[in-house]
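The structure file upload_32.txt is reproduced below (compact mmCIF, C-alpha atoms).
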# COMPACT_ATOMS: atom_id res chain seq x y z
CA MET A 1329 -22.21 -42.12 15.59
CA ASP A 1330 -22.04 -41.71 19.38
CA HIS A 1331 -25.34 -41.04 21.16
CA ALA A 1332 -27.37 -41.04 17.96
CA TYR A 1333 -31.06 -41.22 17.14
CA TYR A 1334 -31.80 -44.57 15.47
CA ALA A 1335 -34.85 -45.65 13.46
CA ARG A 1336 -35.79 -48.96 11.88
CA MET A 1337 -38.43 -50.58 9.65
CA GLU A 1338 -38.80 -54.10 8.28
CA ASP A 1339 -42.47 -54.44 7.32
CA ILE A 1340 -43.39 -53.11 3.87
CA ASN A 1341 -46.91 -52.44 5.18
CA GLU A 1342 -45.51 -49.81 7.56
CA LEU A 1343 -43.88 -47.86 4.73
CA HIS A 1344 -45.42 -44.55 3.70
CA CYS A 1345 -44.09 -43.88 0.20
CA PHE A 1346 -43.67 -40.31 -1.03
CA TYR A 1347 -43.60 -41.00 -4.74
CA SER A 1348 -41.89 -38.76 -7.26
CA ASP A 1349 -41.39 -39.35 -10.96
CA HIS A 1350 -38.01 -37.65 -10.61
CA VAL A 1351 -36.42 -40.26 -8.29
CA ARG A 1352 -34.10 -42.83 -9.86
CA TRP A 1353 -30.91 -44.74 -9.20
CA LEU A 1354 -27.65 -42.91 -9.97
CA ASN A 1355 -25.07 -44.76 -12.02
CA PRO A 1356 -21.63 -43.41 -11.04
CA GLU A 1357 -20.28 -44.30 -14.48
CA THR A 1358 -22.81 -42.27 -16.47
CA ASP A 1359 -24.00 -39.83 -13.79
CA PHE A 1360 -20.62 -38.98 -12.30
CA ASP A 1361 -20.67 -35.35 -13.47
CA LEU A 1362 -24.15 -34.88 -11.98
CA ILE A 1363 -23.00 -36.30 -8.65
CA LYS A 1364 -19.84 -34.20 -8.68
CA GLU A 1365 -21.86 -31.04 -9.37
CA TYR A 1366 -24.22 -31.91 -6.51
CA PHE A 1367 -21.32 -32.49 -4.11
CA SER A 1368 -19.99 -29.03 -5.00
CA TYR A 1369 -23.10 -27.45 -3.42
CA PHE A 1370 -21.76 -28.73 -0.10
CA ASP A 1371 -18.19 -27.50 -0.65
CA ILE A 1372 -16.92 -30.92 -1.77
CA HIS A 1373 -14.57 -30.31 -4.68
CA ASN A 1374 -11.62 -32.70 -4.26
CA ASP A 1375 -11.85 -36.42 -5.00
CA THR A 1376 -10.72 -37.32 -1.48
CA ASP A 1377 -13.06 -34.94 0.40
CA THR A 1378 -15.69 -36.91 2.30
CA TYR A 1379 -19.43 -36.34 1.99
CA PHE A 1380 -21.35 -38.39 4.60
CA GLY A 1381 -18.64 -41.03 4.43
CA ILE A 1382 -18.50 -41.03 0.62
CA ASN A 1383 -15.81 -39.53 -1.58
CA LEU A 1384 -15.66 -39.03 -5.33
CA LYS A 1385 -12.50 -41.11 -5.69
CA ASP A 1386 -14.20 -44.34 -4.62
CA ILE A 1387 -17.72 -43.66 -5.80
CA LYS A 1388 -17.40 -45.30 -9.23
CA THR A 1389 -16.30 -48.63 -7.82
CA ASP A 1390 -18.01 -48.73 -4.42
CA TYR A 1391 -21.42 -47.46 -5.54
CA SER A 1392 -21.85 -49.15 -8.91
CA ILE A 1393 -25.48 -50.05 -9.54
CA ASN A 1394 -24.38 -53.29 -11.17
CA GLU A 1395 -22.70 -54.87 -8.14
CA TYR A 1396 -23.21 -55.15 -4.38
CA ASN A 1397 -20.22 -53.24 -3.08
CA ALA A 1398 -20.53 -50.49 -0.48
CA GLY A 1399 -24.02 -49.50 -1.64
CA HIS A 1400 -26.09 -47.61 -4.19
CA LEU A 1401 -27.11 -43.97 -4.58
CA CYS A 1402 -30.40 -42.52 -5.77
CA GLY A 1403 -31.44 -38.96 -6.41
CA VAL A 1404 -34.16 -36.54 -7.42
CA ILE A 1405 -33.19 -35.45 -10.95
CA VAL A 1406 -34.90 -32.37 -12.42
CA ASP A 1407 -33.76 -30.64 -15.62
CA GLY A 1408 -30.47 -32.53 -15.61
CA LYS A 1409 -29.55 -31.67 -12.02
CA VAL A 1410 -29.48 -33.65 -8.78
CA LEU A 1411 -31.66 -31.81 -6.26
CA SER A 1412 -31.69 -34.43 -3.52
CA LEU A 1413 -29.67 -37.54 -2.77
CA ALA A 1414 -29.70 -40.60 -0.53
CA GLY A 1415 -27.84 -43.87 -0.39
CA VAL A 1416 -28.21 -47.44 0.78
CA ALA A 1417 -25.21 -48.87 2.59
CA PHE A 1418 -25.05 -52.65 2.50
CA GLY A 1419 -24.27 -53.69 6.05
CA SER A 1420 -25.15 -56.90 7.84
CA GLN A 1421 -27.12 -59.84 6.46
CA LYS A 1422 -30.19 -58.51 8.28
CA GLU A 1423 -29.98 -54.70 7.99
CA TRP A 1424 -29.11 -52.16 5.31
CA GLU A 1425 -28.80 -48.49 6.13
CA ILE A 1426 -30.35 -45.38 4.58
CA CYS A 1427 -27.46 -42.92 4.46
CA ALA A 1428 -26.07 -39.72 2.92
CA VAL A 1429 -29.47 -38.00 2.93
CA SER A 1430 -29.44 -34.38 1.78
CA THR A 1431 -31.23 -31.86 -0.41
CA HIS A 1432 -29.91 -28.90 -2.38
CA PRO A 1433 -30.26 -25.83 -0.08
CA ASP A 1434 -32.38 -24.00 -2.68
CA TYR A 1435 -34.90 -26.85 -2.96
CA MET A 1436 -35.54 -27.80 0.66
CA GLY A 1437 -39.14 -28.08 1.78
CA ASN A 1438 -40.40 -29.83 -1.36
CA GLY A 1439 -40.53 -33.34 0.10
CA PHE A 1440 -37.50 -34.50 -1.88
CA SER A 1441 -35.74 -36.07 1.12
CA LYS A 1442 -38.86 -38.06 1.98
CA ALA A 1443 -39.09 -39.19 -1.63
CA VAL A 1444 -35.51 -40.54 -1.78
CA CYS A 1445 -35.68 -42.05 1.71
CA SER A 1446 -38.93 -43.92 1.02
CA PHE A 1447 -37.49 -45.04 -2.35
CA ILE A 1448 -34.45 -46.50 -0.55
CA ALA A 1449 -36.50 -48.02 2.28
CA LYS A 1450 -38.78 -49.80 -0.21
CA TYR A 1451 -35.75 -51.19 -2.05
CA ILE A 1452 -34.17 -52.45 1.20
CA ILE A 1453 -37.31 -54.17 2.48
CA GLU A 1454 -38.06 -55.72 -0.92
CA HIS A 1455 -34.58 -57.27 -0.72
CA ASN A 1456 -35.51 -58.94 2.59
CA HIS A 1457 -33.55 -56.64 4.88
CA ALA A 1458 -34.60 -54.24 7.62
CA ALA A 1459 -34.13 -50.57 6.77
CA ILE A 1460 -32.25 -48.63 9.43
CA CYS A 1461 -31.13 -45.02 9.69
CA GLN A 1462 -29.28 -42.91 12.23
CA THR A 1463 -28.83 -39.19 12.80
CA HIS A 1464 -27.78 -36.73 15.49
CA PRO A 1465 -30.28 -36.30 18.36
CA SER A 1466 -30.60 -32.60 17.50
CA ASN A 1467 -31.32 -33.24 13.79
CA PHE A 1468 -35.08 -33.00 14.22
CA ALA A 1469 -35.75 -32.51 10.50
CA MET A 1470 -34.17 -35.90 9.67
CA GLN A 1471 -35.95 -37.56 12.60
CA ALA A 1472 -39.26 -36.22 11.27
CA ILE A 1473 -38.49 -37.65 7.82
CA MET A 1474 -37.82 -41.08 9.33
CA ARG A 1475 -41.12 -41.02 11.20
CA GLN A 1476 -43.09 -39.71 8.23
CA ILE A 1477 -41.99 -42.58 5.99
CA GLY A 1478 -42.99 -45.05 8.73
CA MET A 1479 -39.74 -45.81 10.55
CA LYS A 1480 -39.83 -46.35 14.31
CA GLN A 1481 -37.20 -45.31 16.82
CA TYR A 1482 -35.15 -48.15 18.29
CA TYR A 1483 -31.98 -48.77 20.28
CA PRO A 1484 -29.15 -50.88 18.80
CA GLN A 1485 -28.03 -53.70 21.05
CA SER A 1486 -24.73 -51.94 21.75
CA ASP A 1487 -26.60 -48.90 23.13
CA CYS A 1488 -29.09 -50.71 25.34
CA LYS A 1489 -26.79 -50.43 28.33
CA LYS A 1490 -26.72 -46.66 28.00
CA THR A 1491 -30.47 -46.39 28.47
CA THR A 1492 -30.31 -48.08 31.87
CA GLU A 1493 -27.29 -46.26 33.25
CA LYS A 1494 -28.99 -43.17 34.67
CA ASP A 1495 -26.70 -41.19 36.94
CA ASN A 1496 -29.12 -38.31 37.43
CA PRO A 1497 -32.51 -39.22 35.96
CA THR A 1498 -34.55 -36.32 34.58
CA SER A 1499 -38.31 -36.77 34.59
CA ILE A 1500 -40.33 -36.10 31.49
CA PRO A 1501 -42.00 -32.69 31.83
CA PRO A 1502 -45.74 -32.50 32.55
CA TRP A 1503 -48.06 -32.80 29.54
CA ASP A 1504 -49.09 -29.12 29.60
CA GLU A 1505 -45.43 -28.07 29.47
CA ILE A 1506 -44.73 -30.45 26.60
CA VAL A 1507 -47.66 -29.08 24.56
CA SER A 1508 -46.50 -25.51 25.19
CA TYR A 1509 -42.89 -26.37 24.35
CA MET A 1510 -43.76 -28.17 21.11
CA TYR A 1511 -45.71 -25.22 19.72
CA ASP A 1512 -44.25 -24.38 16.28
CA LYS A 1513 -41.42 -26.92 16.71
CA GLU A 1514 -40.22 -29.15 13.83
CA LEU A 1515 -41.57 -26.93 11.07
CA SER A 1516 -38.20 -26.08 9.52
CA GLY A 1517 -38.48 -28.84 6.93
CA PHE A 1518 -41.58 -27.15 5.47
CA SER A 1519 -40.78 -23.51 6.23
CA ASP A 1520 -40.73 -22.16 2.68
CA ARG A 1521 -43.96 -23.97 1.70
CA ILE A 1522 -46.17 -23.38 4.75
CA VAL A 1523 -49.29 -21.34 4.09
CA LYS A 1524 -51.06 -21.89 7.39
CA VAL A 1525 -50.65 -23.82 10.65
CA MET A 1526 -53.73 -24.40 12.79
CA TYR A 1527 -53.58 -26.00 16.26
CA SER A 1528 -56.27 -28.07 17.95
CA LYS A 1529 -58.03 -26.70 21.02
CA ASP A 1530 -55.79 -28.71 23.36
CA GLY A 1531 -52.63 -28.04 21.29
CA SER A 1532 -51.83 -31.73 20.78
CA ARG A 1533 -52.55 -31.74 17.04
CA ARG A 1534 -51.99 -29.33 14.18
CA ILE A 1535 -53.07 -28.94 10.58
CA ILE A 1536 -50.36 -27.77 8.16
CA VAL A 1537 -51.43 -26.35 4.81
CA LEU A 1538 -48.60 -26.47 2.27
CA LYS A 1539 -48.16 -25.16 -1.25
CA SER A 1540 -46.75 -27.84 -3.55
CA GLU A 1541 -44.04 -27.24 -6.14
CA ARG A 1542 -46.77 -27.29 -8.83
CA GLY A 1543 -48.86 -24.59 -7.16
CA PHE A 1544 -51.51 -26.81 -5.57
CA TYR A 1545 -52.30 -26.93 -1.86
CA ILE A 1546 -52.01 -30.00 0.33
CA THR A 1547 -52.67 -30.68 3.99
CA THR A 1548 -51.24 -32.88 6.70
CA VAL A 1549 -52.38 -33.49 10.27
CA GLU A 1550 -49.73 -34.04 12.94
CA ILE A 1551 -49.99 -35.22 16.54
CA ILE A 1552 -47.57 -34.90 19.48
CA ARG A 1553 -45.93 -38.15 20.55
CA VAL A 1554 -44.00 -38.29 23.83
CA PHE A 1555 -40.89 -40.33 24.59
CA ASP A 1556 -41.28 -43.03 27.21
CA GLU A 1557 -39.14 -42.81 30.35
CA ASP A 1558 -36.28 -45.01 29.07
CA GLU A 1559 -36.10 -43.10 25.79
CA TRP A 1560 -36.12 -39.76 27.57
CA GLN A 1561 -33.32 -40.77 29.97
CA TYR A 1562 -31.25 -41.55 26.88
CA PHE A 1563 -32.00 -38.37 24.95
CA CYS A 1564 -32.20 -35.83 27.77
CA LYS A 1565 -28.41 -36.01 28.03
CA ASP A 1566 -28.38 -33.89 24.88
CA ASP A 1567 -29.15 -30.27 25.76
CA ASN A 1568 -31.03 -29.75 22.48
CA ALA A 1569 -33.29 -32.78 22.79
CA TYR A 1570 -37.08 -32.38 22.84
CA PRO A 1571 -39.21 -34.55 25.17
CA ALA A 1572 -41.60 -35.28 22.28
CA TRP A 1573 -41.96 -35.06 18.51
CA TRP A 1574 -44.58 -34.26 15.88
CA GLU A 1575 -45.76 -37.28 13.90
CA THR A 1576 -48.16 -37.54 10.96
CA ASP A 1577 -51.60 -38.56 12.25
CA TRP A 1578 -52.56 -41.12 9.59
CA LYS A 1579 -56.03 -41.39 11.11
CA PHE A 1580 -57.03 -38.32 9.10
CA LYS A 1581 -56.60 -38.52 5.34
CA THR A 1582 -57.86 -36.00 2.81
CA LYS A 1583 -57.86 -35.40 -0.91
CA SER A 1584 -54.32 -34.97 -2.24
CA PHE A 1585 -54.56 -31.55 -3.91
CA TYR A 1586 -56.70 -28.42 -3.60
CA ASP A 1587 -56.87 -25.26 -5.67
CA SER A 1588 -56.70 -22.90 -2.67
CA PRO A 1589 -55.56 -22.99 0.98
CA GLU A 1590 -59.14 -22.25 2.07
CA ASN A 1591 -60.46 -25.33 0.27
CA ALA A 1592 -57.59 -27.43 1.62
CA LEU A 1593 -58.49 -26.45 5.18
CA LYS A 1594 -62.22 -26.88 4.53
CA GLY A 1595 -61.56 -30.38 3.21
CA LEU A 1596 -60.34 -31.35 6.67
CA LEU A 1597 -62.75 -29.33 8.80
CA ASP A 1598 -65.73 -30.86 6.98
CA ASP A 1599 -64.87 -34.03 8.91
CA PRO A 1600 -66.97 -33.79 12.14
CA GLU A 1601 -64.25 -35.46 14.21
CA ILE A 1602 -61.58 -32.98 13.08
CA LYS A 1603 -63.98 -30.07 13.45
CA ALA A 1604 -64.64 -31.05 17.06
CA LEU A 1605 -60.91 -31.07 17.76
CA PHE A 1606 -60.06 -27.75 16.10
CA GLU A 1607 -63.14 -25.51 16.38
Any chance you could put this one into C-alpha cells?
Amino acid sequence: MDHAYYARMEDINELHCFYSDHVRWLNPETDFDLIKEYFSYFDIHNDTDTYFGINLKDIKTDYSINEYNAGHLCGVIVDGKVLSLAGVAFGSQKEWEICAVSTHPDYMGNGFSKAVCSFIAKYIIEHNHAAICQTHPSNFAMQAIMRQIGMKQYYPQSDCKKTTEKDNPTSIPPWDEIVSYMYDKELSGFSDRIVKVMYSKDGSRRIIVLKSERGFYITTVEIIRVFDEDEWQYFCKDDNAYPAWWETDWKFKTKSFYDSPENALKGLLDDPEIKALFE
C-alpha cells in the first residue's frame, strides 16, 4: 500500500486485549457458508471477487486452520453469523500481519474490530513474531483500533527515505490549533454507542461514556498525541491527514460496567486528579 499508515507490536506486555467470548478461529472447511454470507455484506458474491486480498476460491486451501499457508481467519460469531472478521497473513520470519479487518455495517461501534485484532495480535506474538498492520492514512478508525490494542506507529525500512525527502516542509500547527482541530474527531468508531463526551478544561483529554451491547455503561479516557516532525512531514502529504490522534489514556482506569451514564461519569470524577482536569 503506497503511503500507508503502519503500526507494529512485538511485546505481549504492550497488548491491550479486548476479550469477547464470541471470537474464535474460522475453519474454511466447516465455516465456509458463514464466511461466504459475511462476504456478501460487502458485495462479494463471486468466488474470484477479492475482499482485502482474499477470494472465496482460494480460501479453503490458503486459510486452513490446520496448516501454515497464506494465513488464518478469525471472527466474532453471534447467533450463527459472522459479525466481524480479521486475518493473520504469514509473512516474513520476523513479522506476521493483521489483515482483512472489517465489521458488519449494522454492528459497528460494539468493539468487535478491537476484539478480533487483539485476538490476532496475541496469537502472532505468542508465536514469536512481531504483529504489524497497515491502513490508509485517512482511515482514522482503523488507526485508532491499532493504538487502542497497544500497537505503535512505525516506518518500514523501504519507506524511511520518504520521511527525509521533504520538498516543501509543512510545520506542525501550534498546540492551540491542534486542540481546536481535534475536537470531536475520531469518534466515528463509537458513534452509535456514545452517550456523552466530556472534554477537559484545556481540551487535551476527553471522557467518553458508552452504552455496551448488554445495556451497561462504560467509560474511557482519551488524550491527544501529536506527531513528531518527521512523522508529520510524511503524513501531511495526504490532504486528509490530522496532525495528531486520540489515544486511550491508560493512566486512568475505572470499574468496567455501570448501571447508568451518571454513575459511569461519577466513577471517574471521584478521582481527584481527573476532577481537577475536567471541573
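Taking atom CA of Asp1598 of chain A as the reference point, atom CA of Asp1530 of chain A is found at 19.3 Å.
The list of residues with at least one atom within 7 Å of segment 1553-1557 of chain A, based on all atoms listed in the file and without residues fewer than 3 positions apart in the same chain, reads A:Ile1500, A:Trp1560, A:Gln1561, A:Pro1571, A:Ala1572, A:Trp1573, A:Trp1574, A:Glu1575.
Note that the spacing between atom CA of Ile1460 of chain A and atom CA of Val1429 of chain A amounts to 12.8 Å.
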Report summary line: atom CA of Glu1550 of chain A sits from atom CA of Glu1601 of chain A at a separation of 14.6 Å
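Candidate residues A:Ser1430, A:Ser1532, A:Asn1456, A:Ser1499 were compared for distance to Ile1473 of chain A, and the nearest is A:Ser1430, using all atoms listed in the file.
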Would you compute an axis-aligned box for segment 1592-1605 of chain A, covering every atom listed for it in the file with 4 Å of margin on each side, and report centre and edge lengths in Å to one decimal as JSON?
{"center_x": -62.3, "center_y": -31.0, "center_z": 9.7, "size_x": 17.4, "size_y": 17.0, "size_z": 24.1}
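Near segment 1450-1455 of chain A, within 8 Å and counting only C-alpha atoms, sit A:Glu1338, A:Asp1339, A:Ile1340, A:Leu1343, A:Cys1345, A:Val1416, A:Trp1424, A:Ser1446, A:Phe1447, A:Ala1458, A:Ala1459; same-chain residues fewer than 3 positions away were not included.
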Requested in this report: Would you be able to write out as a ChimeraX atom specification which residues have an atom within 12 Å of (-56.0, -20.6, 10.0) in the file's coordinates, counting all atoms listed in the file?
Outcome: /A:1522-1528,1534-1537,1589-1594,1597,1606-1607
Query raised in the report: Using only C-alpha atoms, which residue out of A:Phe1346, A:Phe1440, A:Phe1380, A:Phe1468 lies closest to Ala1428 of chain A?
Result: A:Phe1380
Report task. Please tell me which residues are no farther than 8 Å from (-41.8, -29.6, 18.8) in the file, counting all atoms listed in the file, and write them as a PyMOL selection string. Result -> chain A and resi 1509-1514+1552+1570+1572-1574
Export, as an mmCIF file, in the coordinates of the input, the selected residues with C-alpha atoms.
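Saved file result_37.cif follows:
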data_model
loop_
_atom_site.group_PDB
_atom_site.id
_atom_site.type_symbol
_atom_site.label_atom_id
_atom_site.label_comp_id
_atom_site.auth_asym_id
_atom_site.auth_seq_id
_atom_site.Cartn_x
_atom_site.Cartn_y
_atom_site.Cartn_z
ATOM 1 C CA TYR A 1509 -42.890 -26.370 24.350
ATOM 2 C CA MET A 1510 -43.760 -28.170 21.110
ATOM 3 C CA TYR A 1511 -45.710 -25.220 19.720
ATOM 4 C CA ASP A 1512 -44.250 -24.380 16.280
ATOM 5 C CA LYS A 1513 -41.420 -26.920 16.710
ATOM 6 C CA GLU A 1514 -40.220 -29.150 13.830
ATOM 7 C CA ILE A 1552 -47.570 -34.900 19.480
ATOM 8 C CA TYR A 1570 -37.080 -32.380 22.840
ATOM 9 C CA ALA A 1572 -41.600 -35.280 22.280
ATOM 10 C CA TRP A 1573 -41.960 -35.060 18.510
ATOM 11 C CA TRP A 1574 -44.580 -34.260 15.880
#
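Nearest residue to Asp1434 of chain A, choosing from A:Tyr1369, A:Gly1543, A:Leu1413, A:Gly1381 and counting only C-alpha atoms: A:Tyr1369.
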Query - Selection near Trp1353 of chain A, 8 Å with all atoms listed in the file, sequence-local residues under 6 positions removed, as number ranges by chain - result: A: 1393, 1400-1403
Query - Contacts of segment 1462-1465 of chain A at 7 Å (all atoms listed in the file; same-chain gap of 6+ positions) as a PyMOL selection string - result: chain A and resi 1332-1335+1569
Query raised in the report: Any idea what's packed within 9 Å of Gln1476 of chain A, counting all atoms listed in the file, ignoring anything in its chain fewer than 4 positions away? Could you give it as a PyMOL selection string?
Result: chain A and resi 1343-1344+1442+1471-1472+1575-1576
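Compared by their closest atoms to Ala1604 of chain A, and using only C-alpha atoms, the residues A:Ser1588, A:Lys1529, A:Asp1359, A:Tyr1545 rank with A:Lys1529 nearest.
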Expected file content for segment 1351-1382 of chain A, N, CA and C atoms, as a PDB file, in the first residue's frame:
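After the write, selection.pdb holds the following:
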ATOM      1  N   VAL A1351     -15.370 -14.538  19.938  1.00  0.00           N
ATOM      2  CA  VAL A1351     -14.279 -14.580  18.962  1.00  0.00           C
ATOM      3  C   VAL A1351     -13.691 -15.986  18.898  1.00  0.00           C
ATOM      4  N   ARG A1352     -13.542 -16.502  17.699  1.00  0.00           N
ATOM      5  CA  ARG A1352     -12.892 -17.811  17.508  1.00  0.00           C
ATOM      6  C   ARG A1352     -12.298 -17.888  16.114  1.00  0.00           C
ATOM      7  N   TRP A1353     -11.450 -18.888  15.911  1.00  0.00           N
ATOM      8  CA  TRP A1353     -10.896 -19.134  14.583  1.00  0.00           C
ATOM      9  C   TRP A1353     -11.998 -19.636  13.655  1.00  0.00           C
ATOM     10  N   LEU A1354     -11.893 -19.274  12.377  1.00  0.00           N
ATOM     11  CA  LEU A1354     -12.825 -19.755  11.356  1.00  0.00           C
ATOM     12  C   LEU A1354     -12.147 -20.859  10.559  1.00  0.00           C
ATOM     13  N   ASN A1355     -12.822 -21.977  10.445  1.00  0.00           N
ATOM     14  CA  ASN A1355     -12.312 -23.092   9.651  1.00  0.00           C
ATOM     15  C   ASN A1355     -13.006 -23.044   8.289  1.00  0.00           C
ATOM     16  N   PRO A1356     -12.275 -22.701   7.223  1.00  0.00           N
ATOM     17  CA  PRO A1356     -12.915 -22.571   5.908  1.00  0.00           C
ATOM     18  C   PRO A1356     -13.638 -23.827   5.432  1.00  0.00           C
ATOM     19  N   GLU A1357     -13.286 -24.981   5.973  1.00  0.00           N
ATOM     20  CA  GLU A1357     -13.962 -26.216   5.558  1.00  0.00           C
ATOM     21  C   GLU A1357     -15.352 -26.335   6.182  1.00  0.00           C
ATOM     22  N   THR A1358     -15.461 -25.984   7.455  1.00  0.00           N
ATOM     23  CA  THR A1358     -16.751 -26.113   8.139  1.00  0.00           C
ATOM     24  C   THR A1358     -17.511 -24.793   8.247  1.00  0.00           C
ATOM     25  N   ASP A1359     -16.793 -23.674   8.126  1.00  0.00           N
ATOM     26  CA  ASP A1359     -17.424 -22.360   8.275  1.00  0.00           C
ATOM     27  C   ASP A1359     -17.545 -21.614   6.947  1.00  0.00           C
ATOM     28  N   PHE A1360     -17.363 -22.334   5.841  1.00  0.00           N
ATOM     29  CA  PHE A1360     -17.330 -21.662   4.546  1.00  0.00           C
ATOM     30  C   PHE A1360     -18.619 -20.887   4.260  1.00  0.00           C
ATOM     31  N   ASP A1361     -19.767 -21.462   4.567  1.00  0.00           N
ATOM     32  CA  ASP A1361     -21.041 -20.776   4.303  1.00  0.00           C
ATOM     33  C   ASP A1361     -21.173 -19.510   5.140  1.00  0.00           C
ATOM     34  N   LEU A1362     -20.659 -19.539   6.381  1.00  0.00           N
ATOM     35  CA  LEU A1362     -20.688 -18.344   7.220  1.00  0.00           C
ATOM     36  C   LEU A1362     -19.819 -17.241   6.627  1.00  0.00           C
ATOM     37  N   ILE A1363     -18.629 -17.634   6.155  1.00  0.00           N
ATOM     38  CA  ILE A1363     -17.709 -16.662   5.560  1.00  0.00           C
ATOM     39  C   ILE A1363     -18.309 -16.092   4.269  1.00  0.00           C
ATOM     40  N   LYS A1364     -18.890 -16.959   3.461  1.00  0.00           N
ATOM     41  CA  LYS A1364     -19.490 -16.525   2.202  1.00  0.00           C
ATOM     42  C   LYS A1364     -20.638 -15.543   2.457  1.00  0.00           C
ATOM     43  N   GLU A1365     -21.452 -15.838   3.467  1.00  0.00           N
ATOM     44  CA  GLU A1365     -22.552 -14.926   3.810  1.00  0.00           C
ATOM     45  C   GLU A1365     -22.000 -13.579   4.268  1.00  0.00           C
ATOM     46  N   TYR A1366     -20.932 -13.605   5.067  1.00  0.00           N
ATOM     47  CA  TYR A1366     -20.325 -12.360   5.539  1.00  0.00           C
ATOM     48  C   TYR A1366     -19.773 -11.546   4.370  1.00  0.00           C
ATOM     49  N   PHE A1367     -19.084 -12.205   3.447  1.00  0.00           N
ATOM     50  CA  PHE A1367     -18.550 -11.506   2.284  1.00  0.00           C
ATOM     51  C   PHE A1367     -19.660 -10.824   1.485  1.00  0.00           C
ATOM     52  N   SER A1368     -20.852 -11.432   1.468  1.00  0.00           N
ATOM     53  CA  SER A1368     -21.950 -10.874   0.679  1.00  0.00           C
ATOM     54  C   SER A1368     -22.388  -9.509   1.202  1.00  0.00           C
ATOM     55  N   TYR A1369     -22.151  -9.224   2.502  1.00  0.00           N
ATOM     56  CA  TYR A1369     -22.494  -7.911   3.050  1.00  0.00           C
ATOM     57  C   TYR A1369     -21.682  -6.808   2.380  1.00  0.00           C
ATOM     58  N   PHE A1370     -20.537  -7.192   1.810  1.00  0.00           N
ATOM     59  CA  PHE A1370     -19.642  -6.219   1.184  1.00  0.00           C
ATOM     60  C   PHE A1370     -19.650  -6.361  -0.345  1.00  0.00           C
ATOM     61  N   ASP A1371     -20.742  -6.913  -0.859  1.00  0.00           N
ATOM     62  CA  ASP A1371     -20.944  -7.053  -2.304  1.00  0.00           C
ATOM     63  C   ASP A1371     -19.963  -8.021  -2.954  1.00  0.00           C
ATOM     64  N   ILE A1372     -19.484  -9.001  -2.190  1.00  0.00           N
ATOM     65  CA  ILE A1372     -18.614 -10.046  -2.730  1.00  0.00           C
ATOM     66  C   ILE A1372     -19.468 -11.296  -2.890  1.00  0.00           C
ATOM     67  N   HIS A1373     -19.758 -11.652  -4.132  1.00  0.00           N
ATOM     68  CA  HIS A1373     -20.650 -12.778  -4.396  1.00  0.00           C
ATOM     69  C   HIS A1373     -19.993 -13.873  -5.243  1.00  0.00           C
ATOM     70  N   ASN A1374     -19.040 -13.495  -6.092  1.00  0.00           N
ATOM     71  CA  ASN A1374     -18.366 -14.464  -6.957  1.00  0.00           C
ATOM     72  C   ASN A1374     -17.098 -14.993  -6.294  1.00  0.00           C
ATOM     73  N   ASP A1375     -16.750 -16.240  -6.606  1.00  0.00           N
ATOM     74  CA  ASP A1375     -15.595 -16.874  -5.982  1.00  0.00           C
ATOM     75  C   ASP A1375     -14.288 -16.150  -6.267  1.00  0.00           C
ATOM     76  N   THR A1376     -14.226 -15.433  -7.388  1.00  0.00           N
ATOM     77  CA  THR A1376     -12.965 -14.776  -7.755  1.00  0.00           C
ATOM     78  C   THR A1376     -12.922 -13.311  -7.342  1.00  0.00           C
ATOM     79  N   ASP A1377     -14.032 -12.765  -6.805  1.00  0.00           N
ATOM     80  CA  ASP A1377     -14.020 -11.385  -6.322  1.00  0.00           C
ATOM     81  C   ASP A1377     -13.114 -11.296  -5.097  1.00  0.00           C
ATOM     82  N   THR A1378     -12.360 -10.222  -5.008  1.00  0.00           N
ATOM     83  CA  THR A1378     -11.374 -10.080  -3.937  1.00  0.00           C
ATOM     84  C   THR A1378     -11.903  -9.226  -2.796  1.00  0.00           C
ATOM     85  N   TYR A1379     -11.700  -9.710  -1.583  1.00  0.00           N
ATOM     86  CA  TYR A1379     -12.049  -8.992  -0.360  1.00  0.00           C
ATOM     87  C   TYR A1379     -10.772  -8.833   0.450  1.00  0.00           C
ATOM     88  N   PHE A1380     -10.204  -7.616   0.482  1.00  0.00           N
ATOM     89  CA  PHE A1380      -8.952  -7.353   1.184  1.00  0.00           C
ATOM     90  C   PHE A1380      -7.872  -8.366   0.808  1.00  0.00           C
ATOM     91  N   GLY A1381      -7.786  -8.660  -0.490  1.00  0.00           N
ATOM     92  CA  GLY A1381      -6.765  -9.578  -0.970  1.00  0.00           C
ATOM     93  C   GLY A1381      -7.126 -11.037  -0.848  1.00  0.00           C
ATOM     94  N   ILE A1382      -8.339 -11.345  -0.383  1.00  0.00           N
ATOM     95  CA  ILE A1382      -8.778 -12.734  -0.205  1.00  0.00           C
ATOM     96  C   ILE A1382      -9.955 -13.000  -1.126  1.00  0.00           C
TER      97      ILE A1382
END
